[in-house]
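Pasting model_6.pdb here (PDB, C-alpha atoms):
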ATOM      1  CA  MET A1426       9.749   5.521 -10.326  1.00  0.00           C
ATOM      2  CA  THR A1427       8.811   1.935 -11.162  1.00  0.00           C
ATOM      3  CA  SER A1428       5.142   0.991 -11.275  1.00  0.00           C
ATOM      4  CA  LEU A1429       3.595  -2.275 -10.222  1.00  0.00           C
ATOM      5  CA  LYS A1430       1.504  -4.124 -12.774  1.00  0.00           C
ATOM      6  CA  LEU A1431      -1.761  -5.990 -12.260  1.00  0.00           C
ATOM      7  CA  SER A1432      -1.392  -9.772 -12.152  1.00  0.00           C
ATOM      8  CA  THR A1433      -3.839 -12.349 -13.472  1.00  0.00           C
ATOM      9  CA  VAL A1434      -4.488 -13.140  -9.790  1.00  0.00           C
ATOM     10  CA  PRO A1435      -7.186 -10.707  -8.596  1.00  0.00           C
ATOM     11  CA  HIS A1436      -5.887  -8.013  -6.213  1.00  0.00           C
ATOM     12  CA  GLU A1437      -2.243  -8.993  -6.751  1.00  0.00           C
ATOM     13  CA  TYR A1438       0.501  -7.035  -8.505  1.00  0.00           C
ATOM     14  CA  PHE A1439       3.983  -7.785  -9.782  1.00  0.00           C
ATOM     15  CA  PHE A1440       7.269  -5.911 -10.067  1.00  0.00           C
ATOM     16  CA  GLY A1441       9.317  -6.246 -13.246  1.00  0.00           C
ATOM     17  CA  ASP A1442       8.747  -7.539 -16.733  1.00  0.00           C
ATOM     18  CA  MET A1443      10.284 -11.019 -16.908  1.00  0.00           C
ATOM     19  CA  PRO A1444       7.531 -13.661 -16.690  1.00  0.00           C
ATOM     20  CA  GLY A1445       8.521 -17.224 -15.823  1.00  0.00           C
ATOM     21  CA  THR A1446      11.691 -16.299 -13.969  1.00  0.00           C
ATOM     22  CA  LEU A1447      12.801 -16.323 -10.370  1.00  0.00           C
ATOM     23  CA  GLN A1448      13.548 -12.839  -9.110  1.00  0.00           C
ATOM     24  CA  TYR A1449      16.882 -12.972  -7.266  1.00  0.00           C
ATOM     25  CA  LYS A1450      18.457  -9.695  -8.338  1.00  0.00           C
ATOM     26  CA  ILE A1451      16.006  -6.859  -7.812  1.00  0.00           C
ATOM     27  CA  ASN A1452      17.509  -3.472  -7.027  1.00  0.00           C
ATOM     28  CA  ARG A1453      16.734  -2.485  -3.448  1.00  0.00           C
ATOM     29  CA  ASP A1454      16.374   1.234  -4.230  1.00  0.00           C
ATOM     30  CA  GLU A1455      13.859   0.555  -7.011  1.00  0.00           C
ATOM     31  CA  LEU A1456      11.709  -1.421  -4.570  1.00  0.00           C
ATOM     32  CA  ALA A1457      12.057   1.173  -1.814  1.00  0.00           C
ATOM     33  CA  ASN A1458      10.927   3.905  -4.214  1.00  0.00           C
ATOM     34  CA  MET A1459       8.306   2.115  -6.328  1.00  0.00           C
ATOM     35  CA  ASP A1460       5.017   3.809  -7.155  1.00  0.00           C
ATOM     36  CA  LEU A1461       2.476   2.666  -4.559  1.00  0.00           C
ATOM     37  CA  SER A1462      -0.429   4.818  -5.718  1.00  0.00           C
ATOM     38  CA  ILE A1463      -2.674   1.853  -6.608  1.00  0.00           C
ATOM     39  CA  GLN A1464      -5.768   1.993  -4.417  1.00  0.00           C
ATOM     40  CA  ASP A1465      -6.432  -1.660  -3.539  1.00  0.00           C
ATOM     41  CA  ASP A1466      -6.775  -2.599   0.127  1.00  0.00           C
ATOM     42  CA  ASP A1467      -7.771  -6.245  -0.421  1.00  0.00           C
ATOM     43  CA  THR A1468      -5.138  -8.239   1.505  1.00  0.00           C
ATOM     44  CA  ARG A1469      -6.312 -11.609   0.090  1.00  0.00           C
ATOM     45  CA  GLY A1470      -5.865 -12.884   3.655  1.00  0.00           C
ATOM     46  CA  TYR A1471      -2.096 -12.315   3.821  1.00  0.00           C
ATOM     47  CA  GLN A1472      -0.676 -11.455   7.220  1.00  0.00           C
ATOM     48  CA  LEU A1473       2.800 -10.716   8.508  1.00  0.00           C
ATOM     49  CA  GLU A1474       4.749 -13.855   9.305  1.00  0.00           C
ATOM     50  CA  ILE A1475       7.623 -14.354  11.757  1.00  0.00           C
ATOM     51  CA  HIS A1476      11.148 -14.708  10.361  1.00  0.00           C
ATOM     52  CA  THR A1477      11.878 -18.297  11.390  1.00  0.00           C
ATOM     53  CA  GLU A1478      14.318 -20.910  10.115  1.00  0.00           C
ATOM     54  CA  ASP A1479      11.314 -22.918   8.877  1.00  0.00           C
ATOM     55  CA  ASN A1480      10.144 -19.979   6.782  1.00  0.00           C
ATOM     56  CA  TYR A1481      13.646 -19.495   5.334  1.00  0.00           C
ATOM     57  CA  ARG A1482      13.708 -23.134   4.234  1.00  0.00           C
ATOM     58  CA  ARG A1483      10.173 -22.907   2.850  1.00  0.00           C
ATOM     59  CA  ILE A1484      10.826 -19.805   0.736  1.00  0.00           C
ATOM     60  CA  LEU A1485      14.327 -20.580  -0.558  1.00  0.00           C
ATOM     61  CA  PRO A1486      14.400 -22.870  -3.601  1.00  0.00           C
ATOM     62  CA  ASN A1487      16.833 -25.751  -3.632  1.00  0.00           C
ATOM     63  CA  THR A1488      18.962 -24.106  -6.338  1.00  0.00           C
ATOM     64  CA  ALA A1489      22.628 -23.162  -6.534  1.00  0.00           C
ATOM     65  CA  THR A1490      21.761 -19.470  -6.116  1.00  0.00           C
ATOM     66  CA  ALA A1491      19.766 -19.975  -2.917  1.00  0.00           C
ATOM     67  CA  ARG A1492      21.274 -23.126  -1.428  1.00  0.00           C
ATOM     68  CA  THR A1493      23.206 -21.253   1.274  1.00  0.00           C
ATOM     69  CA  PRO A1494      20.557 -19.857   3.641  1.00  0.00           C
ATOM     70  CA  SER A1495      23.199 -17.910   5.571  1.00  0.00           C
ATOM     71  CA  ALA A1496      23.728 -15.784   2.432  1.00  0.00           C
ATOM     72  CA  TRP A1497      20.250 -14.278   2.830  1.00  0.00           C
ATOM     73  CA  ASP A1498      18.506 -12.095   5.401  1.00  0.00           C
ATOM     74  CA  ALA A1499      14.729 -11.924   5.569  1.00  0.00           C
ATOM     75  CA  VAL A1500      13.182  -8.540   4.930  1.00  0.00           C
ATOM     76  CA  LEU A1501       9.534  -9.591   4.865  1.00  0.00           C
ATOM     77  CA  PHE A1502       7.412 -12.743   5.053  1.00  0.00           C
ATOM     78  CA  MET A1503       3.630 -12.767   4.626  1.00  0.00           C
ATOM     79  CA  LYS A1504       1.446 -15.882   4.750  1.00  0.00           C
ATOM     80  CA  MET A1505      -2.094 -16.860   3.825  1.00  0.00           C
ATOM     81  CA  THR A1506      -4.067 -20.098   4.151  1.00  0.00           C
ATOM     82  CA  ASN A1507      -7.172 -20.353   1.992  1.00  0.00           C
ATOM     83  CA  SER A1508     -10.361 -22.363   2.477  1.00  0.00           C
ATOM     84  CA  CYS A1509      -8.935 -25.244   0.355  1.00  0.00           C
ATOM     85  CA  GLY A1510      -6.046 -25.747   2.811  1.00  0.00           C
ATOM     86  CA  GLU A1511      -3.445 -24.188   0.526  1.00  0.00           C
ATOM     87  CA  THR A1512      -0.850 -22.170   2.417  1.00  0.00           C
ATOM     88  CA  TRP A1513       1.072 -19.529   0.492  1.00  0.00           C
ATOM     89  CA  LEU A1514       4.187 -17.714   1.697  1.00  0.00           C
ATOM     90  CA  LYS A1515       5.428 -14.519   0.019  1.00  0.00           C
ATOM     91  CA  GLY A1516       8.922 -13.400   0.838  1.00  0.00           C
ATOM     92  CA  ALA A1517      11.521 -10.742   0.227  1.00  0.00           C
ATOM     93  CA  LEU A1518      15.111 -11.525   1.184  1.00  0.00           C
ATOM     94  CA  VAL A1519      18.278  -9.506   0.830  1.00  0.00           C
ATOM     95  CA  ASN A1520      21.463 -11.076  -0.496  1.00  0.00           C
ATOM     96  CA  LYS A1521      24.114 -10.219   2.122  1.00  0.00           C
ATOM     97  CA  ALA A1522      26.909 -10.049  -0.474  1.00  0.00           C
ATOM     98  CA  THR A1523      25.208  -7.961  -3.182  1.00  0.00           C
ATOM     99  CA  GLY A1524      22.377  -6.139  -1.426  1.00  0.00           C
ATOM    100  CA  ASP A1525      19.982  -7.330  -4.143  1.00  0.00           C
ATOM    101  CA  ILE A1526      16.479  -8.428  -3.180  1.00  0.00           C
ATOM    102  CA  ALA A1527      14.928 -11.814  -3.981  1.00  0.00           C
ATOM    103  CA  LEU A1528      11.148 -11.947  -4.341  1.00  0.00           C
ATOM    104  CA  LEU A1529       9.700 -15.438  -3.951  1.00  0.00           C
ATOM    105  CA  THR A1530       6.417 -17.299  -3.492  1.00  0.00           C
ATOM    106  CA  SER A1531       6.165 -20.778  -1.981  1.00  0.00           C
ATOM    107  CA  THR A1532       3.343 -23.107  -1.069  1.00  0.00           C
ATOM    108  CA  ASN A1533       2.714 -26.236   0.990  1.00  0.00           C
ATOM    109  CA  ALA A1534       1.957 -28.583  -1.951  1.00  0.00           C
ATOM    110  CA  GLU A1535       3.409 -28.985  -5.433  1.00  0.00           C
ATOM    111  CA  VAL A1536      -0.071 -29.337  -6.964  1.00  0.00           C
ATOM    112  CA  ASN A1537      -0.936 -25.808  -5.788  1.00  0.00           C
ATOM    113  CA  LEU A1538       1.503 -24.634  -8.478  1.00  0.00           C
ATOM    114  CA  THR A1539       1.358 -27.337 -11.148  1.00  0.00           C
ATOM    115  CA  GLY A1540      -2.438 -27.403 -11.022  1.00  0.00           C
ATOM    116  CA  ARG A1541      -2.367 -23.770 -12.143  1.00  0.00           C
ATOM    117  CA  GLY A1542       0.075 -24.469 -14.969  1.00  0.00           C
ATOM    118  CA  ALA A1543       3.127 -23.143 -13.107  1.00  0.00           C
ATOM    119  CA  ARG A1544       6.462 -24.835 -12.663  1.00  0.00           C
ATOM    120  CA  ALA A1545       7.249 -25.944  -9.112  1.00  0.00           C
ATOM    121  CA  ILE A1546      10.770 -26.006  -7.676  1.00  0.00           C
ATOM    122  CA  GLN A1547      11.537 -27.975  -4.517  1.00  0.00           C
ATOM    123  CA  SER A1548      12.283 -25.620  -1.654  1.00  0.00           C
ATOM    124  CA  GLN A1549      14.794 -26.386   1.078  1.00  0.00           C
ATOM    125  CA  ASP A1550      11.849 -27.803   3.044  1.00  0.00           C
ATOM    126  CA  ALA A1551      10.819 -31.206   1.608  1.00  0.00           C
ATOM    127  CA  GLU A1552       7.105 -30.382   1.853  1.00  0.00           C
ATOM    128  CA  TRP A1553       7.178 -26.900   0.279  1.00  0.00           C
ATOM    129  CA  PHE A1554       7.585 -25.723  -3.311  1.00  0.00           C
ATOM    130  CA  VAL A1555       8.605 -22.403  -4.854  1.00  0.00           C
ATOM    131  CA  GLY A1556       6.817 -21.078  -7.911  1.00  0.00           C
ATOM    132  CA  HIS A1557       9.153 -20.594 -10.887  1.00  0.00           C
ATOM    133  CA  TYR A1558       7.680 -17.240 -11.853  1.00  0.00           C
ATOM    134  CA  ARG A1559       7.851 -13.592 -10.949  1.00  0.00           C
ATOM    135  CA  MET A1560       6.211 -12.978  -7.617  1.00  0.00           C
ATOM    136  CA  CYS A1561       2.855 -11.253  -7.408  1.00  0.00           C
ATOM    137  CA  ALA A1562       1.384 -10.045  -4.136  1.00  0.00           C
ATOM    138  CA  PRO A1563      -1.359  -7.807  -2.758  1.00  0.00           C
ATOM    139  CA  MET A1564      -0.613  -4.124  -2.204  1.00  0.00           C
ATOM    140  CA  ILE A1565      -0.198  -4.683   1.555  1.00  0.00           C
ATOM    141  CA  PHE A1566       2.956  -6.708   0.774  1.00  0.00           C
ATOM    142  CA  TRP A1567       4.424  -4.036  -1.538  1.00  0.00           C
ATOM    143  CA  ARG A1568       3.657  -1.184   0.877  1.00  0.00           C
ATOM    144  CA  GLU A1569       5.227  -3.034   3.812  1.00  0.00           C
ATOM    145  CA  LEU A1570       8.269  -4.005   1.732  1.00  0.00           C
ATOM    146  CA  ALA A1571       8.874  -0.437   0.514  1.00  0.00           C
ATOM    147  CA  SER A1572       8.549   0.835   4.097  1.00  0.00           C
ATOM    148  CA  ARG A1573      11.059  -1.680   5.434  1.00  0.00           C
ATOM    149  CA  LEU A1574      13.565  -1.064   2.642  1.00  0.00           C
ATOM    150  CA  SER A1575      13.412   2.710   2.930  1.00  0.00           C
ATOM    151  CA  HIS A1576      14.083   2.564   6.693  1.00  0.00           C
ATOM    152  CA  LYS A1577      17.120   0.246   6.732  1.00  0.00           C
TER     153      LYS A1577
END
Could I get this file's structure written as C-alpha cells?
Amino acid sequence: MTSLKLSTVPHEYFFGDMPGTLQYKINRDELANMDLSIQDDDTRGYQLEIHTEDNYRRILPNTATARTPSAWDAVLFMKMTNSCGETWLKGALVNKATGDIALLTSTNAEVNLTGRGARAIQSQDAEWFVGHYRMCAPMIFWRELASRLSHK
C-alpha cells in the first residue's frame, strides 16, 4: 500500500517520489488503495467543483500529452480561493486509452506559481496556468479520489 508524504505546503500531501514533474501516468489501483491513515481534517478551503468544460481547459496543460481534452475524463475537481484572490484547482483525470490517472494543479495567475519558485505551464485556458510539479493536496482530496476510483 502506497503512503502519502507531507508536502512543504501545510496540511497538503503528495503521491509519488518524482519532484518537478507532471503526473500523467499514475496507476489507478495504487491510488484507489493508498494508505489514508493520516489524521488531518484541514481542508485548506478546498471544495468539490463541478466537471465543466471550463475546468477541463483550466486543469489541462497546453502540452502534447494533454492537448486533446476528449482523451481525458474527469474523476475529481476541487477548488479553493484564498484571501489574496488566488484560485487553485486540483484535479484527477483518467486517460481514456490507458486508464492511467493524471494529477494536476492549476491556478488563475502565472505569478501564483512563479512567485513561489515553481514553473508555470500555460493551460488550455489563456488565463490559467498549471504547476510543473507533482500535485499536493489536502487529505479531503485524497480520500475523495480513492473513494471514486474504488467504486468505478
Kindly provide the residues of region 1509-1572 of chain A that approach region 1456-1467 of chain A to within 10 Å, each paired with its closest atom pair and their distance in Å to one decimal, based on all atoms listed in the file, listed by chain and increasing number, as JSON lines.
{"residue": "A:Ile1526", "atom": "CA", "partner": "A:Leu1456", "partner_atom": "CA", "distance": 8.6}
{"residue": "A:Pro1563", "atom": "CA", "partner": "A:Asp1467", "partner_atom": "CA", "distance": 7.0}
{"residue": "A:Met1564", "atom": "CA", "partner": "A:Asp1465", "partner_atom": "CA", "distance": 6.5}
{"residue": "A:Ile1565", "atom": "CA", "partner": "A:Asp1466", "partner_atom": "CA", "distance": 7.0}
{"residue": "A:Trp1567", "atom": "CA", "partner": "A:Leu1461", "partner_atom": "CA", "distance": 7.6}
{"residue": "A:Arg1568", "atom": "CA", "partner": "A:Leu1461", "partner_atom": "CA", "distance": 6.8}
{"residue": "A:Glu1569", "atom": "CA", "partner": "A:Ala1457", "partner_atom": "CA", "distance": 9.8}
{"residue": "A:Leu1570", "atom": "CA", "partner": "A:Ala1457", "partner_atom": "CA", "distance": 7.3}
{"residue": "A:Ala1571", "atom": "CA", "partner": "A:Ala1457", "partner_atom": "CA", "distance": 4.3}
{"residue": "A:Ser1572", "atom": "CA", "partner": "A:Ala1457", "partner_atom": "CA", "distance": 6.9}
Selected residue of minimal separation from Lys1521 (chain A) among A:Pro1486, A:Lys1450, A:Ser1508, A:Tyr1471, counting all atoms listed in the file
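Result for the nearest residue to Lys1521 (chain A): A:Lys1450.
Put simply, CA of Asp1550 (chain A) is 21.0 Å away from CA of Gln1472 (chain A).
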Calculated over all atoms listed in the file, which of the candidates A:Tyr1481, A:Tyr1558, A:Phe1566, A:Trp1513 has the smallest distance to Thr1493 (chain A)?
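Under the stated criterion, the closest residue is A:Tyr1481.
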As an exercise, work out the distance from CA of Glu1455 (chain A) to CA of Thr1427 (chain A) in Å and give it to one decimal place.
6.7 Å
So how many Å separate CA of Gly1542 (chain A) and CA of Leu1518 (chain A), to one decimal?
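Between CA of Gly1542 (chain A) and CA of Leu1518 (chain A) the gap works out to 25.6 Å.
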